[in-house]
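What follows is the content of entry.csv (CSV, C-alpha atoms).
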chain,number,residue,atom,x,y,z
C,1,MET,CA,171.4,-109.8,-20.9
C,2,ALA,CA,169.1,-111.7,-23.2
C,3,TYR,CA,165.4,-111.2,-22.5
C,4,ARG,CA,163.5,-114.3,-21.4
C,5,LEU,CA,160.3,-113.9,-23.5
C,6,PRO,CA,157.5,-116.2,-24.5
C,7,PRO,CA,156.9,-116.7,-28.3
C,8,LEU,CA,155.8,-113.2,-29.2
C,9,LYS,CA,153.1,-114.3,-31.7
C,10,THR,CA,151.3,-116.1,-28.9
C,11,LEU,CA,150.9,-112.8,-27.0
C,12,ARG,CA,148.9,-111.3,-29.8
C,13,LEU,CA,146.7,-114.4,-29.9
C,14,PHE,CA,146.2,-114.2,-26.1
C,15,GLU,CA,145.2,-110.5,-26.2
C,16,ALA,CA,142.7,-111.0,-29.0
C,17,ALA,CA,141.2,-114.1,-27.5
C,18,ALA,CA,140.9,-112.3,-24.1
C,19,ARG,CA,139.3,-109.2,-25.7
C,20,HIS,CA,136.7,-111.2,-27.5
C,21,ALA,CA,136.3,-114.0,-24.9
C,22,SER,CA,136.3,-116.3,-27.9
C,23,PHE,CA,138.9,-118.2,-29.9
C,24,LYS,CA,136.6,-118.1,-33.0
C,25,LYS,CA,136.3,-114.3,-33.0
C,26,ALA,CA,140.0,-113.8,-32.3
C,27,ALA,CA,140.7,-116.1,-35.3
C,28,ALA,CA,138.4,-114.1,-37.5
C,29,GLU,CA,140.2,-110.9,-36.5
C,30,LEU,CA,143.6,-112.3,-37.1
C,31,ALA,CA,142.8,-114.3,-40.3
C,32,LEU,CA,143.6,-117.6,-38.6
C,33,THR,CA,141.6,-120.7,-37.8
C,34,PRO,CA,140.2,-121.2,-34.3
C,35,SER,CA,142.4,-124.3,-34.0
C,36,ALA,CA,145.5,-122.2,-34.7
C,37,VAL,CA,144.5,-119.7,-32.0
C,38,SER,CA,143.8,-122.5,-29.5
C,39,HIS,CA,147.1,-124.2,-30.1
C,40,GLY,CA,148.9,-120.8,-29.8
C,41,ILE,CA,147.3,-120.2,-26.5
C,42,GLN,CA,148.2,-123.7,-25.3
C,43,THR,CA,151.8,-123.0,-26.3
C,44,LEU,CA,151.8,-119.8,-24.2
C,45,GLU,CA,150.3,-121.5,-21.2
C,46,ASP,CA,152.8,-124.3,-21.5
C,47,TRP,CA,155.6,-121.8,-21.6
C,48,LEU,CA,154.2,-119.9,-18.6
C,49,GLY,CA,153.3,-123.1,-16.7
C,50,ALA,CA,150.0,-121.5,-15.9
C,51,LYS,CA,146.4,-121.6,-17.2
C,52,LEU,CA,145.2,-118.3,-18.7
C,53,PHE,CA,141.7,-119.4,-19.8
C,54,ALA,CA,139.0,-121.5,-18.2
C,55,ARG,CA,137.5,-123.5,-21.0
C,56,GLY,CA,133.9,-124.7,-20.6
C,57,PRO,CA,131.1,-125.9,-22.9
C,58,GLY,CA,130.4,-122.9,-25.1
C,59,ALA,CA,132.2,-120.5,-22.8
C,60,LEU,CA,135.7,-119.0,-22.4
C,61,SER,CA,136.8,-116.9,-19.5
C,62,LEU,CA,140.1,-115.7,-18.0
C,63,THR,CA,141.5,-117.3,-15.0
C,64,GLU,CA,142.9,-115.1,-12.2
C,65,GLY,CA,146.3,-115.4,-13.7
C,66,GLY,CA,144.9,-114.4,-17.1
C,67,ARG,CA,143.2,-111.4,-15.7
C,68,ASP,CA,146.4,-110.2,-14.1
C,69,TYR,CA,148.5,-110.9,-17.2
C,70,LEU,CA,146.2,-109.3,-19.8
C,71,PRO,CA,146.6,-105.5,-19.0
C,72,LYS,CA,150.4,-105.9,-18.8
C,73,ILE,CA,150.6,-107.7,-22.1
C,74,ARG,CA,148.2,-105.2,-23.7
C,75,ASP,CA,150.3,-102.3,-22.6
C,76,ALA,CA,153.5,-104.0,-23.8
C,77,LEU,CA,151.9,-104.7,-27.3
C,78,GLU,CA,150.8,-101.1,-27.6
C,79,ILE,CA,154.2,-99.8,-26.7
C,80,ILE,CA,155.8,-102.0,-29.3
C,81,ALA,CA,153.2,-100.9,-31.9
C,82,ARG,CA,153.6,-97.2,-31.2
C,83,ALA,CA,157.4,-97.5,-31.1
C,84,SER,CA,157.4,-99.2,-34.5
C,85,ASP,CA,155.0,-96.6,-36.0
C,86,GLY,CA,157.2,-93.8,-34.8
C,87,VAL,CA,160.6,-95.0,-36.2
C,88,PRO,CA,161.9,-92.0,-38.3
C,89,GLY,CA,162.6,-92.6,-42.0
C,90,ARG,CA,160.3,-95.6,-42.4
C,91,ARG,CA,159.4,-96.6,-45.9
C,92,ALA,CA,155.7,-97.3,-46.8
C,93,ASN,CA,155.0,-101.0,-46.1
C,94,GLY,CA,152.4,-101.1,-48.9
C,95,LYS,CA,149.3,-101.6,-46.6
C,96,LEU,CA,146.9,-99.2,-45.1
C,97,THR,CA,143.7,-99.9,-43.2
C,98,VAL,CA,141.2,-97.1,-42.9
C,99,SER,CA,138.2,-97.2,-40.6
C,100,VAL,CA,135.5,-95.0,-42.1
C,101,ALA,CA,131.9,-94.1,-41.3
C,102,PRO,CA,129.7,-96.0,-43.7
C,103,THR,CA,128.1,-93.0,-45.5
C,104,PHE,CA,131.4,-91.2,-45.9
C,105,GLY,CA,133.0,-94.3,-47.2
C,106,LEU,CA,130.2,-95.1,-49.7
C,107,ARG,CA,129.6,-91.6,-51.0
C,108,TRP,CA,133.0,-90.0,-51.0
C,109,LEU,CA,135.8,-92.3,-50.3
C,110,ALA,CA,135.1,-95.6,-52.2
C,111,PRO,CA,134.3,-93.9,-55.5
C,112,ASN,CA,137.6,-92.1,-55.5
C,113,LEU,CA,140.0,-94.8,-54.3
C,114,ASP,CA,141.1,-95.4,-57.9
C,115,LYS,CA,142.6,-91.9,-57.8
C,116,PHE,CA,144.5,-92.7,-54.6
C,117,GLY,CA,145.8,-95.9,-56.3
C,118,GLU,CA,146.9,-93.8,-59.3
C,119,ALA,CA,148.8,-91.4,-57.0
C,120,HIS,CA,150.2,-94.1,-54.7
C,121,PRO,CA,150.4,-97.4,-56.6
C,122,GLY,CA,152.5,-99.0,-54.0
C,123,ILE,CA,150.0,-98.7,-51.2
C,124,GLU,CA,147.3,-101.3,-50.7
C,125,ILE,CA,144.3,-99.8,-49.0
C,126,THR,CA,141.5,-101.6,-47.0
C,127,LEU,CA,138.3,-99.9,-45.8
C,128,ASP,CA,136.7,-101.0,-42.6
C,129,THR,CA,133.1,-99.6,-42.4
C,130,SER,CA,132.0,-101.2,-39.1
C,131,GLN,CA,130.7,-98.6,-36.7
C,132,ARG,CA,132.6,-99.9,-33.7
C,133,GLN,CA,134.8,-97.6,-31.7
C,134,VAL,CA,138.4,-98.1,-32.9
C,135,GLU,CA,141.1,-98.8,-30.3
C,136,PHE,CA,144.4,-97.6,-31.6
C,137,PRO,CA,146.7,-99.5,-32.2
C,138,ARG,CA,145.4,-102.8,-31.1
C,139,ASP,CA,142.6,-103.1,-33.7
C,140,GLY,CA,145.0,-103.1,-36.6
C,141,ILE,CA,143.5,-99.8,-37.9
C,142,ASP,CA,146.0,-97.2,-39.2
C,143,VAL,CA,143.7,-94.2,-39.4
C,144,ALA,CA,140.0,-93.5,-39.0
C,145,ILE,CA,137.5,-91.0,-40.4
C,146,ARG,CA,134.9,-90.3,-37.8
C,147,LEU,CA,132.0,-87.9,-37.1
C,148,GLY,CA,132.4,-85.9,-33.9
C,149,ARG,CA,133.9,-82.8,-32.3
C,150,GLY,CA,137.5,-83.8,-32.3
C,151,GLU,CA,137.5,-84.7,-28.6
C,152,TRP,CA,139.6,-87.9,-28.6
C,153,PRO,CA,142.2,-87.8,-25.8
C,154,ASP,CA,145.7,-89.0,-26.8
C,155,LEU,CA,144.9,-89.0,-30.5
C,156,THR,CA,145.8,-86.6,-33.3
C,157,ALA,CA,142.6,-85.3,-35.1
C,158,THR,CA,142.5,-83.3,-38.3
C,159,LEU,CA,139.2,-81.6,-39.3
C,160,LEU,CA,138.1,-82.4,-42.8
C,161,PHE,CA,134.8,-80.4,-42.8
C,162,ASN,CA,132.0,-79.4,-40.5
C,163,GLU,CA,128.4,-80.5,-41.0
C,164,TRP,CA,125.6,-78.2,-41.8
C,165,LEU,CA,122.1,-79.3,-40.6
C,166,VAL,CA,118.7,-78.6,-42.1
C,167,PRO,CA,115.4,-80.6,-42.0
C,168,VAL,CA,114.6,-82.3,-45.2
C,169,ALA,CA,111.4,-84.0,-46.4
C,170,ALA,CA,109.8,-85.5,-49.5
C,171,PRO,CA,108.5,-82.6,-51.8
C,172,ALA,CA,104.8,-83.2,-51.0
C,173,ILE,CA,105.5,-83.0,-47.2
C,174,ALA,CA,108.0,-80.1,-47.6
C,175,ALA,CA,105.3,-78.0,-49.3
C,176,GLU,CA,103.2,-78.3,-46.1
C,177,ILE,CA,105.9,-77.2,-43.7
C,178,LYS,CA,106.1,-73.4,-43.2
C,179,THR,CA,106.6,-73.2,-39.5
C,180,VAL,CA,108.0,-75.2,-36.6
C,181,ALA,CA,104.4,-76.1,-35.6
C,182,ASP,CA,103.9,-77.6,-39.1
C,183,LEU,CA,107.1,-79.5,-38.7
C,184,ASP,CA,105.9,-81.1,-35.4
C,185,ARG,CA,103.0,-82.7,-37.2
C,186,TYR,CA,105.4,-85.1,-38.9
C,187,ALA,CA,107.5,-87.9,-37.4
C,188,PRO,CA,111.1,-87.0,-36.9
C,189,ILE,CA,113.5,-89.6,-38.4
C,190,ARG,CA,116.4,-90.3,-36.1
C,191,ILE,CA,119.7,-92.0,-36.6
C,192,VAL,CA,120.4,-94.3,-33.7
C,193,SER,CA,124.1,-93.3,-33.5
C,194,ALA,CA,123.3,-89.6,-33.7
C,195,ARG,CA,120.7,-89.2,-31.1
C,196,ASP,CA,121.0,-85.5,-30.6
C,197,ASP,CA,120.9,-84.3,-34.2
C,198,TRP,CA,117.3,-82.9,-33.9
C,199,GLU,CA,118.0,-81.2,-30.6
C,200,THR,CA,121.1,-79.7,-32.0
C,201,TRP,CA,119.3,-78.3,-35.1
C,202,ARG,CA,116.5,-76.8,-33.0
C,203,GLU,CA,119.1,-75.2,-30.7
C,204,LEU,CA,121.1,-73.8,-33.6
C,205,ALA,CA,117.9,-72.6,-35.3
C,206,GLY,CA,116.4,-71.0,-32.2
C,207,ALA,CA,113.4,-73.4,-32.5
C,208,PRO,CA,111.6,-74.8,-29.4
C,209,GLN,CA,112.2,-78.5,-28.7
C,210,ALA,CA,109.5,-80.9,-29.9
C,211,GLY,CA,106.3,-81.0,-27.9
C,212,PRO,CA,104.5,-84.0,-26.4
C,213,ASP,CA,102.1,-84.1,-29.4
C,214,THR,CA,104.9,-84.7,-31.9
C,215,PRO,CA,104.5,-88.2,-33.5
C,216,PRO,CA,107.0,-90.9,-32.2
C,217,ALA,CA,110.4,-90.9,-33.9
C,218,ARG,CA,111.2,-93.4,-36.6
C,219,LYS,CA,114.7,-94.8,-35.9
C,220,VAL,CA,117.2,-95.9,-38.6
C,221,ASP,CA,120.8,-97.0,-38.3
C,222,SER,CA,122.5,-94.8,-41.0
C,223,ILE,CA,122.4,-91.4,-42.7
C,224,ILE,CA,121.6,-93.1,-46.0
C,225,MET,CA,118.6,-94.9,-44.4
C,226,ALA,CA,117.4,-91.6,-42.9
C,227,PHE,CA,117.4,-89.9,-46.3
C,228,GLU,CA,115.6,-92.9,-48.0
C,229,ALA,CA,113.0,-92.8,-45.3
C,230,ALA,CA,112.5,-89.1,-45.7
C,231,ALA,CA,112.3,-89.4,-49.5
C,232,SER,CA,109.6,-92.1,-49.2
C,233,GLY,CA,107.5,-89.8,-47.1
C,234,ALA,CA,108.0,-91.6,-43.7
C,235,GLY,CA,108.8,-88.4,-41.9
C,236,VAL,CA,111.3,-85.6,-41.8
C,237,ALA,CA,115.0,-86.2,-41.4
C,238,ILE,CA,118.0,-83.9,-40.6
C,239,GLY,CA,119.9,-83.2,-43.8
C,240,ARG,CA,123.6,-83.4,-43.1
C,241,LEU,CA,125.5,-81.3,-45.6
C,242,PRO,CA,127.7,-81.4,-47.6
C,243,LEU,CA,127.9,-85.2,-47.3
C,244,MET,CA,124.3,-85.8,-48.5
C,245,GLY,CA,123.8,-82.8,-50.7
C,246,ALA,CA,123.2,-84.9,-53.9
C,247,GLU,CA,119.7,-85.9,-52.7
C,248,ILE,CA,118.7,-82.3,-52.3
C,249,GLU,CA,120.2,-81.3,-55.6
C,250,GLN,CA,118.3,-84.1,-57.3
C,251,GLY,CA,115.1,-83.0,-55.7
C,252,ARG,CA,114.4,-86.3,-53.9
C,253,VAL,CA,114.2,-84.3,-50.7
C,254,VAL,CA,113.6,-80.7,-50.1
C,255,PRO,CA,115.1,-78.6,-47.2
C,256,VAL,CA,112.6,-76.8,-45.0
C,257,LEU,CA,112.9,-74.1,-42.3
C,258,GLY,CA,116.3,-73.2,-43.7
C,259,PRO,CA,119.0,-71.9,-44.0
C,260,PRO,CA,121.3,-74.8,-43.0
C,261,ARG,CA,122.9,-74.3,-39.6
C,262,ARG,CA,126.6,-75.0,-39.1
C,263,SER,CA,127.1,-77.8,-36.5
C,264,LEU,CA,130.0,-78.1,-34.0
C,265,SER,CA,130.4,-81.7,-35.3
C,266,GLY,CA,132.3,-82.6,-38.4
C,267,TYR,CA,134.3,-85.4,-40.1
C,268,TRP,CA,137.8,-85.8,-38.6
C,269,LEU,CA,140.8,-87.8,-39.7
C,270,VAL,CA,142.0,-89.6,-36.5
C,271,SER,CA,145.0,-91.7,-35.5
C,272,THR,CA,147.8,-91.8,-33.0
C,273,ARG,CA,150.6,-89.3,-33.3
C,274,GLU,CA,153.1,-92.1,-34.1
C,275,ALA,CA,150.9,-93.5,-36.9
C,276,MET,CA,150.4,-90.1,-38.5
C,277,ALA,CA,154.2,-90.0,-39.0
C,278,ARG,CA,154.1,-93.2,-41.1
C,279,PRO,CA,154.6,-92.5,-44.8
C,280,GLU,CA,151.5,-94.3,-46.0
C,281,VAL,CA,149.3,-92.5,-43.4
C,282,ALA,CA,150.8,-89.2,-44.3
C,283,ALA,CA,150.2,-89.8,-48.0
C,284,PHE,CA,146.5,-90.8,-47.3
C,285,ARG,CA,146.0,-87.7,-45.0
C,286,ALA,CA,147.3,-85.3,-47.7
C,287,TRP,CA,145.2,-87.1,-50.4
C,288,VAL,CA,141.9,-87.1,-48.4
C,289,LYS,CA,142.3,-83.5,-47.4
C,290,ALA,CA,142.7,-82.5,-51.1
C,291,LEU,CA,139.7,-84.8,-52.0
C,292,VAL,CA,137.3,-83.2,-49.6
C,293,LYS,CA,138.5,-79.7,-50.6
C,294,LYS,CA,137.7,-80.5,-54.2
C,295,LEU,CA,134.3,-82.3,-53.6
C,296,ARG,CA,133.0,-80.0,-50.8
C,297,ARG,CA,130.1,-77.9,-51.9
C,298,PRO,CA,128.6,-74.9,-50.1
C,299,PRO,CA,125.5,-75.6,-48.1
C,300,VAL,CA,122.3,-75.8,-50.2
C,301,PRO,CA,120.1,-72.9,-49.2
C,302,HIS,CA,116.5,-73.2,-48.4
C,303,ALA,CA,114.6,-72.3,-51.6

Rewritten as structure tokens:
Amino acid sequence: MAYRLPPLKTLRLFEAAARHASFKKAAAELALTPSAVSHGIQTLEDWLGAKLFARGPGALSLTEGGRDYLPKIRDALEIIARASDGVPGRRANGKLTVSVAPTFGLRWLAPNLDKFGEAHPGIEITLDTSQRQVEFPRDGIDVAIRLGRGEWPDLTATLLFNEWLVPVAAPAIAAEIKTVADLDRYAPIRIVSARDDWETWRELAGAPQAGPDTPPARKVDSIIMAFEAAASGAGVAIGRLPLMGAEIEQGRVVPVLGPPRRSLSGYWLVSTREAMARPEVAAFRAWVKALVKKLRRPPVPHA
């Protein structure tokens, strides 16, 4: 029996528009115009004979029918996407989208993409460095490289390397830090997305947690910004090795109260089981594992 289905492309438009509560944002995600998204939604509503969105001045919301329809369509699209990824014997389709943490992408991945291109000239790779949480497979991301402990339910995660943590400071400040009490005279530099990095280092090093007299933390939004702040003398940052070992080797910052401590967190290659079976994802996985093995340096000891 033939399935009675609405135009399938309109379902993708509906899911994206509902997720963003915006035709404009859905259009940006899908590389379309807002008008094209609006017309597609209208086509779907006409086919269903029901309104899915309530359109108001500067506002877009789901109707009761739209709220009921959305999770069912989302599940159906994910089933189709996973089934398509898992077809045995697929040939590489020439495109691969990788979501990557900004510092990893800037320092390790981007400078070596030409080597991936040489090894796999038929694969077009795109890097997405936004720090949003990836939702496989609906975000159009094939594979992600993320910092964490590998605890992602229903996903396949491959550890690339663990982090090693050690406080780092500008040379003049580092020369003044001989004890934890000395350390607590300087402002800790914190990365907003890694709120427990200082607590983790203190626990691993057997050091007491910061006292009430410690200066207020200076907050930044990336690992690179933390190192730049530390190098400028704004405070003390947690050095995350081996990813940022170059700054230590160059002498821009100096480790204090070493040696570096091995963290439970690390960088992981993450995707769905079905996507991992795709030939382009398998090729990237093998290549990036070889890359980090080649580039990885031992932790820089405290001098």

Can you tell me which residues surround Ile73 (chain C) at a distance of at most 10 Å, considering only C-alpha atoms, apart from same-chain residues fewer than 6 positions away, and format the answer as a list in words?
Leu11, Arg12, Phe14, Glu15 and Ile79 of chain C

Would you tabulate, counting only C-alpha atoms, all residues of region 190-226 of chain C that have an atom at most 12 Å from an atom of region 251-259 of chain C, showing the closest pair of atoms and their distance in Å to one decimal, sorted by chain then ascending number, as JSON lines?
{"residue": "C:Trp201", "atom": "CA", "partner": "C:Gly258", "partner_atom": "CA", "distance": 10.4}
{"residue": "C:Arg202", "atom": "CA", "partner": "C:Leu257", "partner_atom": "CA", "distance": 10.3}
{"residue": "C:Leu204", "atom": "CA", "partner": "C:Pro259", "partner_atom": "CA", "distance": 10.8}
{"residue": "C:Ala205", "atom": "CA", "partner": "C:Gly258", "partner_atom": "CA", "distance": 8.6}
{"residue": "C:Gly206", "atom": "CA", "partner": "C:Leu257", "partner_atom": "CA", "distance": 11.1}
{"residue": "C:Ala207", "atom": "CA", "partner": "C:Leu257", "partner_atom": "CA", "distance": 9.8}
{"residue": "C:Ala226", "atom": "CA", "partner": "C:Val253", "partner_atom": "CA", "distance": 11.2}

Produce a file of the selected residues containing C-alpha atoms, as a CSV table (one decimal), keeping the file's coordinate frame.
chain,number,residue,atom,x,y,z
C,201,TRP,CA,119.3,-78.3,-35.1
C,202,ARG,CA,116.5,-76.8,-33.0
C,204,LEU,CA,121.1,-73.8,-33.6
C,205,ALA,CA,117.9,-72.6,-35.3
C,206,GLY,CA,116.4,-71.0,-32.2
C,207,ALA,CA,113.4,-73.4,-32.5
C,226,ALA,CA,117.4,-91.6,-42.9

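Closest approach to Glu249 (chain C) from the set C:Ile177, C:Asp184, C:Arg273, C:Val168 is made by C:Val168, with distances taken over all atoms listed in the file.
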
Could you check how far CA of Ala170 (chain C) sits from CA of Ala231 (chain C), in Å to one decimal?
4.6 Å

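In this structure, CA of Thr214 (chain C) sits 14.0 Å away from CA of Ala234 (chain C).
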
Which of C:Asn112, C:Ser35, C:Ser61, C:Ser84 sits closest to Leu291 (chain C) [using only C-alpha atoms]
C:Asn112

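Distance annotation: of C:Asp75, C:Glu163, C:Glu124, C:Asp68, the residue with the minimal separation from Gly94 (chain C) is C:Glu124; atom set is all atoms listed in the file.
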
Which residue gives the smallest distance to Lys294 (chain C) among C:Leu52, C:Trp108, C:Pro279, C:Trp268, with only C-alpha atoms counted?
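Smallest separation from Lys294 (chain C) among the options: C:Trp108.
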
Separation of CA of Gln250 (chain C) from CA of Lys293 (chain C) in Å:
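Going from CA of Lys293 (chain C) over to CA of Gln250 (chain C), I get 21.7 Å.
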
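Using all atoms listed in the file, the residues found no farther than 12 Å from Asp46 (chain C), other than those of its own chain fewer than 6 positions away, are Pro6, Pro7, Thr10, His39, Gly40 and Leu52 of chain C.
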
Selected residue, from C:Thr158, C:Thr33, C:Ser99, C:Thr43, that lies nearest to Gly266 (chain C) when counting only C-alpha atoms
C:Thr158

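Using all atoms listed in the file, the shortest contact distance between Ser232 (chain C) and any of C:Ala169, C:Gln209, C:Trp198, C:Ala181 is found at C:Ala169.
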
Taking 4 positions as the minimum chain separation for residues in the same chain, which residues sit within 7 Å of Leu165 (chain C) when counting all atoms listed in the file? Answer as a ChimeraX atom specification.
/C:201,238-241,260-263

With a distance cut-off of 10 Å and all atoms listed in the file, select the neighbouring residues of Val192 (chain C), excluding the residue or stretch itself and same-chain residues fewer than 5 positions from it, and output the selection as an mmCIF file with C-alpha atoms, keeping the file's coordinate frame.
data_model
loop_
_atom_site.group_PDB
_atom_site.id
_atom_site.type_symbol
_atom_site.label_atom_id
_atom_site.label_comp_id
_atom_site.auth_asym_id
_atom_site.auth_seq_id
_atom_site.Cartn_x
_atom_site.Cartn_y
_atom_site.Cartn_z
ATOM 1 C CA ARG C 218 111.200 -93.400 -36.600
ATOM 2 C CA LYS C 219 114.700 -94.800 -35.900
ATOM 3 C CA VAL C 220 117.200 -95.900 -38.600
ATOM 4 C CA ASP C 221 120.800 -97.000 -38.300
ATOM 5 C CA SER C 222 122.500 -94.800 -41.000
ATOM 6 C CA ILE C 223 122.400 -91.400 -42.700
#

Ile125 (chain C) environment, 12 Å, only C-alpha atoms, sequence neighbours closer than 2 positions dropped, as a PDB file with C-alpha atoms, in the coordinates of the input:
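Result written to around-v7.pdb:
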ATOM      1  CA  ALA C  92     155.700 -97.300 -46.800  1.00  0.00           C
ATOM      2  CA  ASN C  93     155.000-101.000 -46.100  1.00  0.00           C
ATOM      3  CA  GLY C  94     152.400-101.100 -48.900  1.00  0.00           C
ATOM      4  CA  LYS C  95     149.300-101.600 -46.600  1.00  0.00           C
ATOM      5  CA  LEU C  96     146.900 -99.200 -45.100  1.00  0.00           C
ATOM      6  CA  THR C  97     143.700 -99.900 -43.200  1.00  0.00           C
ATOM      7  CA  VAL C  98     141.200 -97.100 -42.900  1.00  0.00           C
ATOM      8  CA  SER C  99     138.200 -97.200 -40.600  1.00  0.00           C
ATOM      9  CA  LEU C 109     135.800 -92.300 -50.300  1.00  0.00           C
ATOM     10  CA  ALA C 110     135.100 -95.600 -52.200  1.00  0.00           C
ATOM     11  CA  LEU C 113     140.000 -94.800 -54.300  1.00  0.00           C
ATOM     12  CA  ASP C 114     141.100 -95.400 -57.900  1.00  0.00           C
ATOM     13  CA  LYS C 115     142.600 -91.900 -57.800  1.00  0.00           C
ATOM     14  CA  PHE C 116     144.500 -92.700 -54.600  1.00  0.00           C
ATOM     15  CA  GLY C 117     145.800 -95.900 -56.300  1.00  0.00           C
ATOM     16  CA  HIS C 120     150.200 -94.100 -54.700  1.00  0.00           C
ATOM     17  CA  PRO C 121     150.400 -97.400 -56.600  1.00  0.00           C
ATOM     18  CA  GLY C 122     152.500 -99.000 -54.000  1.00  0.00           C
ATOM     19  CA  ILE C 123     150.000 -98.700 -51.200  1.00  0.00           C
ATOM     20  CA  LEU C 127     138.300 -99.900 -45.800  1.00  0.00           C
ATOM     21  CA  ASP C 128     136.700-101.000 -42.600  1.00  0.00           C
ATOM     22  CA  ILE C 141     143.500 -99.800 -37.900  1.00  0.00           C
ATOM     23  CA  ASP C 142     146.000 -97.200 -39.200  1.00  0.00           C
ATOM     24  CA  VAL C 143     143.700 -94.200 -39.400  1.00  0.00           C
ATOM     25  CA  GLU C 280     151.500 -94.300 -46.000  1.00  0.00           C
ATOM     26  CA  VAL C 281     149.300 -92.500 -43.400  1.00  0.00           C
ATOM     27  CA  ALA C 283     150.200 -89.800 -48.000  1.00  0.00           C
ATOM     28  CA  PHE C 284     146.500 -90.800 -47.300  1.00  0.00           C
TER      29      PHE C 284
END
